[in-house]
Amino acid sequence: MKKDVSEALGFVPQKEIVYNKLLPYADKLDEESNEILAQIKGNLARAVQVRELWPGVLFWTRKLSTYIRLYGRKFSKDDHVLFIKLLYELVTIPTLEIGIMQGFARLLVALLKKKELLSQDDLELPWRPLYELYERILYSKTEHLGLNWFPNSVEGVLKMLVKSCRPNSSCPAPATTCQGLVSVFVLGVDSAASCLPGT
């Protein structure tokens, strides 16, 4: 059965919504979902290439969110990984508006939700950009001065995002790395930049 589905779609889907098979037009869903997914991938890629966050990237990420609600994770493992990496890059843009960041974060959490679909071998996310986002927003030095305003929901969204990303966070374990992590998280001294590879 799974082989028939993969032949019809052209890929092995990560996880479909099983109840869709009970719909009266179930025989047309594969063609419909493939067409919508191709539109999302093509237009999202174009919007990112031309750096059009609004309305391009925001519109097509919302379309992806709707796609997941309607069809589940009906895309290949490679597409799943690429969607996550793209959303991770978007959500950690330093100058991103909070409202847009929250939308990207919620979609990223949805993509990471089924932990059994992706192992750490399939996907590895750098920990530092997410840590810097968390630090910049939750420990803002300018919000209490009235220079920034963050909605009450942002803390919950960020904590949910950190929890979802944790199983796939890259954290190599040499002694210098551990010392750097201790400096950042325990002592509050940002000396990790000189200790961690790729930072």
# chains A, B, ... in the order shown; residues from 1 in each chain; ligands from 1
>>> closest_atom_pairs(of="segment 70-118 of chain A", to="segment 47-62 of chain A", cutoff="12 Å", atoms="only C-alpha atoms", output="Markdown table")
| residue | atom | partner | partner_atom | distance |
| --- | --- | --- | --- | --- |
| A:Phe83 | CA | A:Thr61 | CA | 9.5 |
| A:Ile84 | CA | A:Thr61 | CA | 11.4 |
| A:Leu86 | CA | A:Val48 | CA | 9.1 |
| A:Leu87 | CA | A:Thr61 | CA | 8.7 |
| A:Glu89 | CA | A:Val48 | CA | 10.8 |
| A:Leu90 | CA | A:Leu53 | CA | 9.1 |
| A:Val91 | CA | A:Leu53 | CA | 11.4 |
| A:Ile93 | CA | A:Leu53 | CA | 11.0 |
| A:Thr95 | CA | A:Leu53 | CA | 11.7 |
| A:Leu96 | CA | A:Leu53 | CA | 9.3 |
| A:Glu97 | CA | A:Leu53 | CA | 10.4 |
| A:Gly99 | CA | A:Leu58 | CA | 10.7 |
| A:Ile100 | CA | A:Leu58 | CA | 7.5 |
| A:Met101 | CA | A:Leu58 | CA | 9.9 |
| A:Gln102 | CA | A:Leu58 | CA | 11.2 |
| A:Gly103 | CA | A:Leu58 | CA | 8.3 |
| A:Phe104 | CA | A:Thr61 | CA | 7.5 |
| A:Ala105 | CA | A:Thr61 | CA | 10.8 |
| A:Arg106 | CA | A:Arg62 | CA | 10.4 |
| A:Leu107 | CA | A:Thr61 | CA | 7.7 |
| A:Leu108 | CA | A:Thr61 | CA | 9.9 |
| A:Ala110 | CA | A:Thr61 | CA | 11.9 |
| A:Leu111 | CA | A:Thr61 | CA | 11.6 |
>>> write_last_selection(atoms="N, CA and C atoms", output="PDB file, in the first residue's frame")
ATOM      1  N   PHE A  83      12.413  22.332   4.768  1.00  0.00           N
ATOM      2  CA  PHE A  83      11.438  23.259   5.347  1.00  0.00           C
ATOM      3  C   PHE A  83      11.875  23.700   6.746  1.00  0.00           C
ATOM      4  N   ILE A  84      12.321  22.749   7.550  1.00  0.00           N
ATOM      5  CA  ILE A  84      12.756  23.063   8.924  1.00  0.00           C
ATOM      6  C   ILE A  84      13.967  23.995   8.910  1.00  0.00           C
ATOM      7  N   LEU A  86      14.927  26.047   6.575  1.00  0.00           N
ATOM      8  CA  LEU A  86      14.521  27.370   6.100  1.00  0.00           C
ATOM      9  C   LEU A  86      13.813  28.150   7.205  1.00  0.00           C
ATOM     10  N   LEU A  87      12.849  27.502   7.879  1.00  0.00           N
ATOM     11  CA  LEU A  87      12.113  28.193   8.950  1.00  0.00           C
ATOM     12  C   LEU A  87      13.042  28.572  10.102  1.00  0.00           C
ATOM     13  N   GLU A  89      16.234  29.347   9.854  1.00  0.00           N
ATOM     14  CA  GLU A  89      16.977  30.533   9.406  1.00  0.00           C
ATOM     15  C   GLU A  89      16.100  31.787   9.487  1.00  0.00           C
ATOM     16  N   LEU A  90      14.842  31.644   9.085  1.00  0.00           N
ATOM     17  CA  LEU A  90      13.930  32.795   9.100  1.00  0.00           C
ATOM     18  C   LEU A  90      13.636  33.267  10.516  1.00  0.00           C
ATOM     19  N   VAL A  91      13.355  32.320  11.417  1.00  0.00           N
ATOM     20  CA  VAL A  91      12.944  32.684  12.776  1.00  0.00           C
ATOM     21  C   VAL A  91      14.083  33.329  13.560  1.00  0.00           C
ATOM     22  N   ILE A  93      16.352  35.433  12.274  1.00  0.00           N
ATOM     23  CA  ILE A  93      16.803  36.721  11.697  1.00  0.00           C
ATOM     24  C   ILE A  93      16.745  37.791  12.800  1.00  0.00           C
ATOM     25  N   THR A  95      16.649  41.058  12.955  1.00  0.00           N
ATOM     26  CA  THR A  95      15.819  42.257  12.818  1.00  0.00           C
ATOM     27  C   THR A  95      14.353  41.942  12.517  1.00  0.00           C
ATOM     28  N   LEU A  96      13.958  40.684  12.645  1.00  0.00           N
ATOM     29  CA  LEU A  96      12.600  40.275  12.279  1.00  0.00           C
ATOM     30  C   LEU A  96      11.569  40.836  13.259  1.00  0.00           C
ATOM     31  N   GLU A  97      10.428  41.308  12.718  1.00  0.00           N
ATOM     32  CA  GLU A  97       9.345  41.781  13.578  1.00  0.00           C
ATOM     33  C   GLU A  97       8.827  40.635  14.441  1.00  0.00           C
ATOM     34  N   GLY A  99       5.847  39.806  15.550  1.00  0.00           N
ATOM     35  CA  GLY A  99       4.649  39.110  15.063  1.00  0.00           C
ATOM     36  C   GLY A  99       4.975  38.098  13.983  1.00  0.00           C
ATOM     37  N   ILE A 100       5.850  38.475  13.055  1.00  0.00           N
ATOM     38  CA  ILE A 100       6.258  37.560  11.981  1.00  0.00           C
ATOM     39  C   ILE A 100       7.087  36.414  12.561  1.00  0.00           C
ATOM     40  N   MET A 101       7.979  36.740  13.497  1.00  0.00           N
ATOM     41  CA  MET A 101       8.803  35.708  14.135  1.00  0.00           C
ATOM     42  C   MET A 101       7.937  34.657  14.817  1.00  0.00           C
ATOM     43  N   GLN A 102       6.877  35.101  15.508  1.00  0.00           N
ATOM     44  CA  GLN A 102       5.996  34.156  16.195  1.00  0.00           C
ATOM     45  C   GLN A 102       5.291  33.232  15.205  1.00  0.00           C
ATOM     46  N   GLY A 103       4.875  33.777  14.058  1.00  0.00           N
ATOM     47  CA  GLY A 103       4.240  32.950  13.027  1.00  0.00           C
ATOM     48  C   GLY A 103       5.191  31.893  12.504  1.00  0.00           C
ATOM     49  N   PHE A 104       6.438  32.289  12.202  1.00  0.00           N
ATOM     50  CA  PHE A 104       7.444  31.332  11.738  1.00  0.00           C
ATOM     51  C   PHE A 104       7.744  30.291  12.826  1.00  0.00           C
ATOM     52  N   ALA A 105       7.819  30.741  14.073  1.00  0.00           N
ATOM     53  CA  ALA A 105       8.139  29.837  15.187  1.00  0.00           C
ATOM     54  C   ALA A 105       7.054  28.767  15.364  1.00  0.00           C
ATOM     55  N   ARG A 106       5.788  29.162  15.267  1.00  0.00           N
ATOM     56  CA  ARG A 106       4.695  28.194  15.419  1.00  0.00           C
ATOM     57  C   ARG A 106       4.723  27.144  14.314  1.00  0.00           C
ATOM     58  N   LEU A 107       5.021  27.579  13.091  1.00  0.00           N
ATOM     59  CA  LEU A 107       5.113  26.629  11.980  1.00  0.00           C
ATOM     60  C   LEU A 107       6.308  25.702  12.176  1.00  0.00           C
ATOM     61  N   LEU A 108       7.425  26.244  12.645  1.00  0.00           N
ATOM     62  CA  LEU A 108       8.613  25.423  12.904  1.00  0.00           C
ATOM     63  C   LEU A 108       8.325  24.375  13.978  1.00  0.00           C
ATOM     64  N   ALA A 110       5.418  23.051  14.585  1.00  0.00           N
ATOM     65  CA  ALA A 110       4.561  22.049  13.939  1.00  0.00           C
ATOM     66  C   ALA A 110       5.389  21.084  13.098  1.00  0.00           C
ATOM     67  N   LEU A 111       6.397  21.598  12.400  1.00  0.00           N
ATOM     68  CA  LEU A 111       7.248  20.743  11.566  1.00  0.00           C
ATOM     69  C   LEU A 111       8.128  19.812  12.396  1.00  0.00           C
TER      70      LEU A 111
END
>>> atom_distance(atom1="atom CA of Pro24 of chain A", atom2="atom CA of Leu117 of chain A")
28.5 Å
>>> residues_around(residues="Arg166 of chain A", least_positions_apart="4", cutoff="9 Å", atoms="only C-alpha atoms", output="list in words")
Leu125, Trp127, Leu161, Val162 and Ser170 of chain A
>>> write_last_selection(atoms="N, CA and C atoms", output="PDB file, in the first residue's frame")
ATOM      1  N   LEU A 125      20.507  21.177  14.090  1.00  0.00           N
ATOM      2  CA  LEU A 125      20.319  22.633  14.117  1.00  0.00           C
ATOM      3  C   LEU A 125      21.341  23.268  15.058  1.00  0.00           C
ATOM      4  N   TRP A 127      22.792  25.502  17.906  1.00  0.00           N
ATOM      5  CA  TRP A 127      22.118  25.983  19.120  1.00  0.00           C
ATOM      6  C   TRP A 127      22.247  27.499  19.302  1.00  0.00           C
ATOM      7  N   LEU A 161       9.417  26.646  21.243  1.00  0.00           N
ATOM      8  CA  LEU A 161      10.362  26.487  20.143  1.00  0.00           C
ATOM      9  C   LEU A 161      11.665  25.847  20.626  1.00  0.00           C
ATOM     10  N   VAL A 162      12.193  26.322  21.742  1.00  0.00           N
ATOM     11  CA  VAL A 162      13.434  25.766  22.301  1.00  0.00           C
ATOM     12  C   VAL A 162      13.238  24.286  22.632  1.00  0.00           C
ATOM     13  N   SER A 170      22.722  20.917  17.683  1.00  0.00           N
ATOM     14  CA  SER A 170      24.104  20.455  17.609  1.00  0.00           C
ATOM     15  C   SER A 170      24.838  20.960  18.836  1.00  0.00           C
TER      16      SER A 170
END
>>> atom_distance(atom1="atom CA of Asp78 of chain A", atom2="atom CA of Tyr25 of chain A")
27.9 Å
>>> atom_distance(atom1="atom CA of Leu133 of chain A", atom2="atom CA of Lys77 of chain A")
27.1 Å
>>> closest_atom_pairs(of="segment 70-105 of chain A", to="segment 36-40 of chain A", cutoff="12 Å", atoms="only C-alpha atoms", output="tab-separated table")
residue	atom	partner	partner_atom	distance
A:Leu70	CA	A:Ile36	CA	11.1
A:Tyr71	CA	A:Leu37	CA	10.2
A:Gly72	CA	A:Leu37	CA	11.6
A:Arg73	CA	A:Leu37	CA	10.7
A:Lys74	CA	A:Leu37	CA	8.7
A:Phe75	CA	A:Leu37	CA	7.9
A:Ser76	CA	A:Leu37	CA	10.8
A:Asp79	CA	A:Leu37	CA	10.1
A:His80	CA	A:Leu37	CA	11.7
A:Phe83	CA	A:Ile40	CA	10.7
>>> write_last_selection(atoms="C-alpha atoms", output="PDB file, in the first residue's frame")
ATOM      1  CA  LEU A  70      -5.214  19.531   5.586  1.00  0.00           C
ATOM      2  CA  TYR A  71      -2.841  16.760   4.479  1.00  0.00           C
ATOM      3  CA  GLY A  72      -0.437  16.192   7.382  1.00  0.00           C
ATOM      4  CA  ARG A  73       3.291  15.934   6.683  1.00  0.00           C
ATOM      5  CA  LYS A  74       2.665  14.734   3.141  1.00  0.00           C
ATOM      6  CA  PHE A  75       6.116  15.541   1.792  1.00  0.00           C
ATOM      7  CA  SER A  76       9.398  13.676   1.494  1.00  0.00           C
ATOM      8  CA  ASP A  79      11.589  18.362   1.874  1.00  0.00           C
ATOM      9  CA  HIS A  80      10.790  18.050   5.589  1.00  0.00           C
ATOM     10  CA  PHE A  83      11.438  23.259   5.347  1.00  0.00           C
TER      11      PHE A  83
END
>>> closest_residue(among="A:Val12, A:Val157, A:Leu123, A:Leu82", to="Leu138 of chain A", atoms="only C-alpha atoms")
A:Val157
>>> closest_residue(among="A:Arg136, A:Asn152, A:Ser169, A:Val109", to="Glu124 of chain A", atoms="only C-alpha atoms")
A:Ser169
>>> select_by_dssp(residues="segment 24-182 of chain A", states="alpha helix (DSSP H)", output="MDAnalysis selection string")
chainID A and resid 29:49 58:71 77:91 98:112 127:138 153:165 175:182
>>> closest_residue(among="A:Leu112, A:Leu22, A:Leu29, A:Ile98", to="Val154 of chain A", atoms="only C-alpha atoms")
A:Ile98
>>> closest_residue(among="A:Lys41, A:Lys85, A:Lys141, A:Lys163", to="Pro126 of chain A", atoms="only C-alpha atoms")
A:Lys85
